[in-house]
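Following: one structure in structure tokens, then a few remarks.
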Amino acid sequence: MSTRWYPIYQRGSPQLRIFLPNFWMKLIKPTVDQPSNLVNFACSMEMTRFDMKNYLEKIYNVKPIHIRTRIASGKCRRDPGKGYIVKNDDIKYAYVTLPRGEVFEFPDIFPNIKEQEKEYEKTLKQSKQVFDQFLEKNKERREMPGWFTF
Amino acid sequence: MAVPNKILGIYNLFKQFSSRDSLKWATLRPVLISNRAISTSNPQRGLMEFFDDKTNWGANEIKCGRSWRKEELRLKSNSDLHKLWFILLKERNMLLTMEEEANERVQVFPSPERLDKVAESMENLEEVVRERNRAYHELETGETGERPGKLATNIFGLNYFYKMSEHVIPKYMNKTWRKKYQFFKHDPDVEAFLVKLRERLYLNKRRKHTRDFNHVIGLLNRFPNMDMEALKQQYPDVDIERAKRSRKYGGHFEPK
């Protein structure tokens with residue numbers, strides 16, 4: 001359950017124990033509508049679905065009943081400065097099904113986005129107003145140098 | 001009542017023998033130790049542990065402390081380190097999730113240095129655990145217990161660190177291993193390649209030396225009163241006396 005080096009397992013040897021696993025998983029917002037008990041993750045490339053099950057059960061106390069994984073190929077793009085082709089890293093996605101009846105809804109992490117946008121618009125409007133006033137004042141002094149305006 | 005009396009007796013015995021260290025032994029006073037240790041971990045929140053505290057949602061800046069240092073971690077017990085590892089792991093997952101969501105929404109991820117701090121803490125913790133492991137193995141077996149490795153030469157004649165691993169069957173039977181790991185054998189083509197490679201490396205080195213030498217002359221021309229010690233320190237390979245004897249040194253004017 002981690003990318004470390006372990007001694008080889010042979011029949012009869014003691015069970016391998018995982019200390020200090022170094023895998024990561026991040027919860028991802030689904031891009032399409034999906035059942036309320038389905039959760040999307042992006043995770044370490046080395047993780048298998050058994051690893052994910054153990055990871056969620058042992059560390060997060062979440063009991064998945066079914067897990068599917070896929071590997072999304074990273075996109076190739078041209079480097080903006082140099083012009084050579086760069087490939088983004090591949091990502092492993094996991095679709096974790098929770099037991100029937102359990103609901104997970106991805107929370108809204110940025111609740112006050114709209115307020116911020118409103119505030120920004122307000123300041124924009126204000127500065128526009130100030131500029132209009134400036135133009136109104138200097139209507140008679142067109143094409144005058146800057147130090148000759150109000 | 002028998003057991004506490006026994007403990008008290010031992011305690012008094014210690015106290016008699018070491019009156020100087022009475023303070024030290026005072027900690028041995030028999031106390032009823034509760035099985036329920038104080039828990040500082042978060043209450044179980046299931047999948048919501050992948051998200052930050054709700055008060056931090058949409059914040060511009062989230063203040064946090066520094067990362068764990070090695071000296072601090074060396075004082076901790078193995079079980080404490082083990083617990084701390086999982087706290088750090090969860091923290092990292094949480095930060096990755098929040099970062100991903102911020103990127104997705106085209107918002108600023110607040111205090112991204114938290115990720116570096118967690119990474120550094122994890123690195124330090126692992127190093128401390130490694131130290132202990134090494135010490136234990138050296139005491140018990142005389143070996144470090146680390147993954148063994150050695151310097152090897154690959155098929156192109158270049159040196160690299162070969163990490164050894166256990167195999168079920170011996171080398172001569174292991175076709176896949178032999179196919180994957182091919183070491184250097186005498187080969188005229190590889191020798192020719194190595195000659196050219198060494199030539200390239202030598203030329204790079206010589207060109208760097210010439211470049212530095214000319215650069216130092218330029219510096220001396222532009223800044224005649226510069227700190228010579230600093231110059232020597234920065235360009236240790238350049239012979240400054242020789243640079244001053246060069247015809248490029250000095251201005252384009254007739255000396256008086």
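Every chain in the structure tokens takes a letter, A first, then B, and so on in the order presented; its residues are numbered from 1, and the ligands are numbered from 1 following the presented order.
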Specify as a VMD selection string all residues of chain B found within 6 Å of chain A, counting only C-alpha atoms.
-> chain B and resid 46 57 to 58 93 96 to 97
Shell of 12 Å around Asp212 in chain B, only C-alpha atoms, local chain residues under 2 positions omitted, as number ranges by chain | B: 205-210, 214-219, 231-232, 234-240, 243
Keeping only N, CA and C atoms, write the selected residues to a file as a CSV table (one decimal), in the first residue's frame.
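After the write, selection08.csv holds the following:
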chain,number,residue,atom,x,y,z
B,205,LYS,N,34.7,21.2,-20.4
B,205,LYS,CA,35.4,21.7,-19.2
B,205,LYS,C,36.4,22.8,-19.6
B,206,ARG,N,37.1,22.5,-20.7
B,206,ARG,CA,38.1,23.4,-21.2
B,206,ARG,C,37.5,24.8,-21.6
B,207,ARG,N,36.3,24.6,-22.3
B,207,ARG,CA,35.6,25.9,-22.8
B,207,ARG,C,35.1,26.7,-21.6
B,208,LYS,N,34.7,26.0,-20.6
B,208,LYS,CA,34.2,26.7,-19.4
B,208,LYS,C,35.4,27.5,-18.8
B,209,HIS,N,36.5,26.8,-18.7
B,209,HIS,CA,37.7,27.4,-18.2
B,209,HIS,C,38.1,28.7,-18.9
B,210,THR,N,38.1,28.6,-20.3
B,210,THR,CA,38.4,29.7,-21.1
B,210,THR,C,37.4,30.9,-20.9
B,214,ASN,N,38.3,34.6,-19.6
B,214,ASN,CA,38.0,35.9,-20.3
B,214,ASN,C,37.0,36.8,-19.6
B,215,HIS,N,36.1,36.1,-18.9
B,215,HIS,CA,35.1,36.9,-18.1
B,215,HIS,C,35.8,37.6,-17.0
B,216,VAL,N,36.8,36.9,-16.3
B,216,VAL,CA,37.5,37.6,-15.2
B,216,VAL,C,38.3,38.8,-15.8
B,217,ILE,N,38.9,38.6,-17.0
B,217,ILE,CA,39.6,39.8,-17.6
B,217,ILE,C,38.7,40.9,-17.8
B,218,GLY,N,37.5,40.6,-18.3
B,218,GLY,CA,36.5,41.7,-18.5
B,218,GLY,C,36.1,42.4,-17.2
B,219,LEU,N,36.0,41.6,-16.2
B,219,LEU,CA,35.6,42.1,-14.9
B,219,LEU,C,36.7,43.0,-14.4
B,231,LEU,N,36.7,37.6,-5.9
B,231,LEU,CA,36.9,37.1,-7.3
B,231,LEU,C,37.5,35.8,-7.3
B,232,LYS,N,38.5,35.6,-6.4
B,232,LYS,CA,39.2,34.3,-6.3
B,232,LYS,C,38.3,33.3,-5.8
B,234,GLN,N,35.0,33.2,-6.2
B,234,GLN,CA,34.0,32.9,-7.2
B,234,GLN,C,34.6,32.1,-8.4
B,235,TYR,N,35.8,32.4,-8.8
B,235,TYR,CA,36.4,31.7,-9.9
B,235,TYR,C,37.7,31.1,-9.4
B,236,PRO,N,37.7,30.0,-8.7
B,236,PRO,CA,38.9,29.4,-8.1
B,236,PRO,C,39.8,28.9,-9.2
B,237,ASP,N,39.3,28.5,-10.3
B,237,ASP,CA,40.1,27.9,-11.4
B,237,ASP,C,41.0,28.9,-12.1
B,238,VAL,N,40.6,30.2,-12.0
B,238,VAL,CA,41.2,31.2,-12.9
B,238,VAL,C,42.5,31.7,-12.2
B,239,ASP,N,43.6,31.7,-12.9
B,239,ASP,CA,44.8,32.3,-12.4
B,239,ASP,C,44.8,33.8,-12.6
B,240,ILE,N,44.6,34.6,-11.6
B,240,ILE,CA,44.3,36.0,-11.8
B,240,ILE,C,45.6,36.7,-12.3
B,243,ALA,N,45.8,36.2,-15.8
B,243,ALA,CA,44.8,37.0,-16.5
B,243,ALA,C,45.3,38.5,-16.6
Neighbours of range 126-136 of chain A within 10 Å (only C-alpha atoms; same-chain residues fewer than 6 positions away dropped), as JSON, numbers by chain?
-> {"A": [120, 142, 149, 150]}
Taking only C-alpha atoms into account, which of B:His82, B:Lys117, B:Lys70, B:Lys54 comes nearest Ile18 in chain A?
->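 Ranking B:His82, B:Lys117, B:Lys70, B:Lys54 by distance to Ile18 in chain A, first place goes to B:His82.
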Skipping near chain neighbours, those fewer than 6 positions away, what residues fall within 12 Å of Asp89 in chain A using only C-alpha atoms, listed as a PyMOL selection string?
-> chain A and resi 44-45+71-77
The distance between CA of Asn124 in chain B and CA of Arg69 in chain B is 6.6 Å
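Considering only C-alpha atoms, the residue among A:Gln116, A:Thr31, A:Asn40, A:Asn138 positioned nearest to Asn60 in chain B is A:Gln116.
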When DSSP works through the backbone of this structure, what residues of range 49-115 of chain B end up as alpha helix (DSSP H), shown as a VMD selection string?
-> chain B and resid 70 to 74 78 to 104 113 to 115
